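Worksheet: the structure to be examined is printed underneath.
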Amino acid sequence: MENKRAVVSVVGKDQVGIIANVTTILSNNNINILDISQTILQDFFTMMMIVDVQEVGNLDKLQGEFDELSNDLGLKINIQLEEIFKAMHRV
Amino acid sequence: MDIELNEMMETIRMIQLENLDIRTVTMGISLYDCADSNFDQMNQKVYDKITSYAGQLKEVAETVEKEYGIPIINKRISITPIAEILGNATKEQAIELAKTLDSAAVTLGVDFIGGYSALVHKGITKGDQTLLDALPEALSETERVCSSISVASTRSGINMDAVGKVGTIIKEAAERTKDENGLACAKLVVFCNPVEDNPFMAGAFHGSGEGEVVLNVGVSGPGVVLNALKKHPDADLGEVSDVIKKTAFKITRAGELIGREVAKRLGVPFGIMDLSLAPTNAQNDSVAEILEEIGLERVGTHGTIAALALMNDAVKKGGAMASSYVGGLSGAFIPVSEDNGMIQGITDQSLTLPKLEAMTCVCSVGLDMIALTGDVTASTLSALIADEAAIGMINKKTTAVRVIPVPGKKEGDMVEFGGLLGRAPVMGVNDFNSDKLVSRGGRIPAPLQALIN
């Protein structure tokens, strides 16, 4: 199997420490970030990260940690396998 | 980065805000090898086979759902039409078998199991007759068992003897569940030209041309189409069609990916993708609202059929390009009780029963989840079914009738069916009877359209 990659998406009100908090969770789980893209639209923070989840058994635990952080910061954070985006936008 | 930021945003918005979901993954299971002249053995074999084949269905679907971040709303089972394995079983045994299916569904945690069915579009076998006799009781004494009866096809014509019986069955099933507004009828679909690989309930069954086991997927997303159209308020109708087509393409691609992944992990062959815009009572998840967005003040008014035809066709075109195995019913469903816009159309007296009938000429199925007055007669129901079957037969398309004559209710009352089935305003029927047409019986011959060889 080729690389197993996932997309971490963060959407919500801009505030101090979003990237630090999200990347801390990733690094605690020993997950490498392959690409980051981020923009702010009218105070609305949007970030997408592509991460390497080759070694990660299932994404449940990670999503659990992101859910906690989501609640603390009032953001929406999701992790999902990259294929779903490829399927929808690339032929 | 391979995928652009705005593309990722679009996918996330579709899922989180616009109700894009995989409506159902439905495992089709053949039960032919369960047939046995000893009923108790057959009963046990049916239970064992279903629960072992689908044992992992719910768990695997839920894992895939989490990993890809796209909800799979329903996990369901479709089976060989039960009438085909009944053989010499009695009516009581047929009812017991329905209860066995019900308990298999409970064990597996699936909300519906479809295929308590009979294909009688040309004639009625001994097993078919037993199933038809058992049907009112079987449907009212089980919760999760869905039934479908094929009474007509383009190749065989309309079996009016069967149509006549089904009217009586619907009345009796409603009467037996009068405390629940005739709920049993919501689990019974009467078909013309049914498809063998439909993943959507209540009309799903595992046809005789299917393999041992298969996984079919139904994807929906009226909300996604509605929102896409809202971004193009001034587009002409060709462009409207294009927007729907592109959206349908994306939805189908997502569905196919998920379906194949679930099938792979379960170790069963992937069957078909059914892209059907199936509404729910969730906010903005309405097919009627799409028609209104195209340009109708209220669904049901003049132009409704044109708008529906455009939409149904565009959905098919997008879906066909996105998947190699498009099947099932693929198109747009127009159930009343499950679509807030349809309900509004009826309460505003814009949408009527005759208009709904006309709409079924161009939608993917037929009269669906419509509540009728409690005093409608069995022969009127049969005649309504005959009309719908005729539309399907002549136009070489699937049509279906799923109506609920709600005991004790009058035109204009609102009835609740609960959960996914929603609520519906009770509609009246034509006061003049069709008794003679129905009592003549016999078979309406297959039309010229059948002679295509």
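Ordering of the structure tokens sets the chain letters (A, B, ...); residue numbers start at 1 within each chain; ligands are numbered from 1 in the order shown.
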
For segment 28-47 of chain A versus segment 9-13 of chain A, which residues have an atom no more than 9 Å away, and what is each residue's nearest atom pair and distance in Å rounded to one decimal, using only C-alpha atoms, chain-then-number order, as JSON lines?
```
{"residue": "A:Asp43", "atom": "CA", "partner": "A:Lys13", "partner_atom": "CA", "distance": 6.1}
{"residue": "A:Phe44", "atom": "CA", "partner": "A:Lys13", "partner_atom": "CA", "distance": 5.0}
{"residue": "A:Phe45", "atom": "CA", "partner": "A:Gly12", "partner_atom": "CA", "distance": 5.3}
{"residue": "A:Thr46", "atom": "CA", "partner": "A:Val11", "partner_atom": "CA", "distance": 4.7}
{"residue": "A:Met47", "atom": "CA", "partner": "A:Val10", "partner_atom": "CA", "distance": 5.1}
```

Test item, helix (DSSP H, G or I) assignment across chain A, answer as a PyMOL selection string:
chain A and resi 18-28+60-73+83-89

Go through chain A and flag each residue having an atom no more than 12 Å from segment 315-332 of chain B; for those, report the closest pair of atoms plus their distance in Å to one decimal, using only C-alpha atoms, ordered by chain and rising number, as CSV.
```
residue,atom,partner,partner_atom,distance
A:Ala87,CA,B:Ala322,CA,9.5
A:Met88,CA,B:Ala322,CA,9.4
A:His89,CA,B:Ala322,CA,11.1
A:Arg90,CA,B:Ala322,CA,10.9
A:Val91,CA,B:Ala322,CA,8.7
```

Selected residue of minimal separation from Lys4 of chain A among A:Asn21, A:Asp52, A:Asp35, A:Asn29, counting only C-alpha atoms:
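Using only C-alpha atoms, the shortest distance to Lys4 of chain A belongs to A:Asp52.
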
Show me, as a ChimeraX atom specification, every residue of chain B with an atom at most 10 Å from chain A, counting only C-alpha atoms.
/B:1-12,16,63-70,247,249-258,322

Separation of atom CA of Leu451 of chain B from atom CA of Lys122 of chain B, in Å and rounded to one decimal
16.1 Å

Residue neighbourhood His302 of chain B, 12 Å, only C-alpha atoms, exclusion window fewer than 3 positions, as a PyMOL selection string:
chain B and resi 291-292+295-299+305-308+350-352+355+358-359

Can those selected residues be exported to a file as an mmCIF file, in the first residue's frame so that it contains C-alpha atoms?
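result19.cif, freshly written:
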```
data_model
loop_
_atom_site.group_PDB
_atom_site.id
_atom_site.type_symbol
_atom_site.label_atom_id
_atom_site.label_comp_id
_atom_site.auth_asym_id
_atom_site.auth_seq_id
_atom_site.Cartn_x
_atom_site.Cartn_y
_atom_site.Cartn_z
ATOM 1 C CA LEU B 291 -37.533 22.253 -7.271
ATOM 2 C CA GLU B 292 -38.520 25.522 -5.640
ATOM 3 C CA GLY B 295 -37.988 28.408 -9.888
ATOM 4 C CA LEU B 296 -41.303 27.351 -8.359
ATOM 5 C CA GLU B 297 -43.114 29.394 -5.745
ATOM 6 C CA ARG B 298 -44.340 26.165 -4.200
ATOM 7 C CA VAL B 299 -43.825 22.543 -5.219
ATOM 8 C CA ILE B 305 -42.797 18.180 -13.599
ATOM 9 C CA ALA B 306 -40.430 20.044 -15.901
ATOM 10 C CA ALA B 307 -38.185 20.969 -12.989
ATOM 11 C CA LEU B 308 -38.283 17.417 -11.618
ATOM 12 C CA SER B 350 -50.314 23.500 -4.061
ATOM 13 C CA LEU B 351 -49.430 19.818 -4.254
ATOM 14 C CA THR B 352 -52.209 17.315 -4.904
ATOM 15 C CA LYS B 355 -49.944 16.021 -9.420
ATOM 16 C CA ALA B 358 -47.919 12.877 -12.727
ATOM 17 C CA MET B 359 -44.569 13.560 -11.058
#
```

How would you write, as a JSON list (two decimals) with C-alpha atoms, in the first residue's frame, the set of residues in segment 60-227 of chain B that DSSP gives as strand (DSSP E or B)?
```json
[["chain", "number", "residue", "atom", "x", "y", "z"],
["B", 72, "ILE", "CA", -23.10, 6.23, 6.99],
["B", 73, "ILE", "CA", -26.64, 6.68, 8.24],
["B", 74, "ASN", "CA", -28.12, 3.20, 7.81],
["B", 75, "LYS", "CA", -26.74, -0.31, 7.71],
["B", 76, "ARG", "CA", -29.27, -2.68, 6.22],
["B", 77, "ILE", "CA", -29.88, -6.15, 4.86],
["B", 78, "SER", "CA", -31.73, -7.27, 1.75],
["B", 79, "ILE", "CA", -32.57, -10.91, 1.16],
["B", 113, "ILE", "CA", -34.30, -5.93, 6.61],
["B", 114, "GLY", "CA", -35.92, -5.97, 3.19],
["B", 118, "ALA", "CA", -43.08, -11.85, -3.67],
["B", 119, "LEU", "CA", -42.69, -11.35, -7.42],
["B", 145, "VAL", "CA", -39.14, -6.36, 8.29],
["B", 146, "CYS", "CA", -39.89, -4.65, 4.97],
["B", 147, "SER", "CA", -41.88, -6.16, 2.16],
["B", 148, "SER", "CA", -42.28, -5.51, -1.52],
["B", 149, "ILE", "CA", -44.66, -7.01, -4.03],
["B", 150, "SER", "CA", -44.01, -6.84, -7.75],
["B", 151, "VAL", "CA", -47.39, -6.70, -9.47],
["B", 152, "ALA", "CA", -46.43, -5.53, -12.95],
["B", 153, "SER", "CA", -43.63, -5.23, -15.45],
["B", 157, "GLY", "CA", -48.11, -6.56, -18.13],
["B", 158, "ILE", "CA", -50.10, -5.93, -14.96],
["B", 159, "ASN", "CA", -51.33, -8.83, -12.85],
["B", 188, "LEU", "CA", -44.82, -2.34, 2.18],
["B", 189, "VAL", "CA", -43.99, -1.25, -1.36],
["B", 190, "VAL", "CA", -45.94, -2.33, -4.42],
["B", 191, "PHE", "CA", -43.78, -2.29, -7.54],
["B", 192, "CYS", "CA", -43.89, -2.23, -11.28],
["B", 213, "VAL", "CA", -23.67, -11.94, -1.15],
["B", 214, "VAL", "CA", -23.11, -8.37, -2.29],
["B", 215, "LEU", "CA", -22.77, -4.89, -0.88],
["B", 216, "ASN", "CA", -24.83, -2.11, -2.45],
["B", 217, "VAL", "CA", -24.56, 1.51, -1.52],
["B", 218, "GLY", "CA", -27.11, 4.30, -1.55],
["B", 219, "VAL", "CA", -25.90, 7.88, -1.47]]
```

Point-to-point distance from atom CA of Val262 of chain B to atom CA of Pro279 of chain B, Å rounded to tenths
23.6 Å

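Non-sequential neighbours of Val438 of chain B (distance at most 8 Å, separation of 5 or more positions within a chain, only C-alpha atoms) are Met160, Val163, Gly164, Ser379, Ser382 and Ala383 of chain B.
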
Residue among A:Glu65, A:Asp72, A:Asn3, A:Glu55 lying closest to Thr24 of chain A, counting only C-alpha atoms
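Smallest separation from Thr24 of chain A among the options: A:Glu65.
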
Closest-contact table, segment 164-264 of chain B side, partner segment 402-416 of chain B, 7 Å, counting only C-alpha atoms, as a tab-separated table:
```
residue	atom	partner	partner_atom	distance
B:Lys171	CA	B:Pro405	CA	6.9
B:Ala174	CA	B:Pro405	CA	6.5
B:Glu175	CA	B:Pro407	CA	6.4
B:Lys178	CA	B:Pro407	CA	5.6
B:Asn181	CA	B:Val406	CA	5.3
B:Gly182	CA	B:Val406	CA	5.4
B:Cys185	CA	B:Ile404	CA	5.4
B:Ala186	CA	B:Arg402	CA	6.4
B:Leu188	CA	B:Arg402	CA	6.3
B:Val189	CA	B:Arg402	CA	4.9
B:Val190	CA	B:Arg402	CA	6.6
```

Which residues, written as a PyMOL selection string, have at least one atom at most 12 Å from segment 236-239 of chain B, with only C-alpha atoms counted and residues fewer than 4 positions away on the same chain left out?
chain B and resi 228-229+231-232+243-246+291+293-295+306-307+309-311+313-314

Distance in Å - atom CA of Met342 of chain B versus atom CA of Arg23 of chain B:
19.8 Å
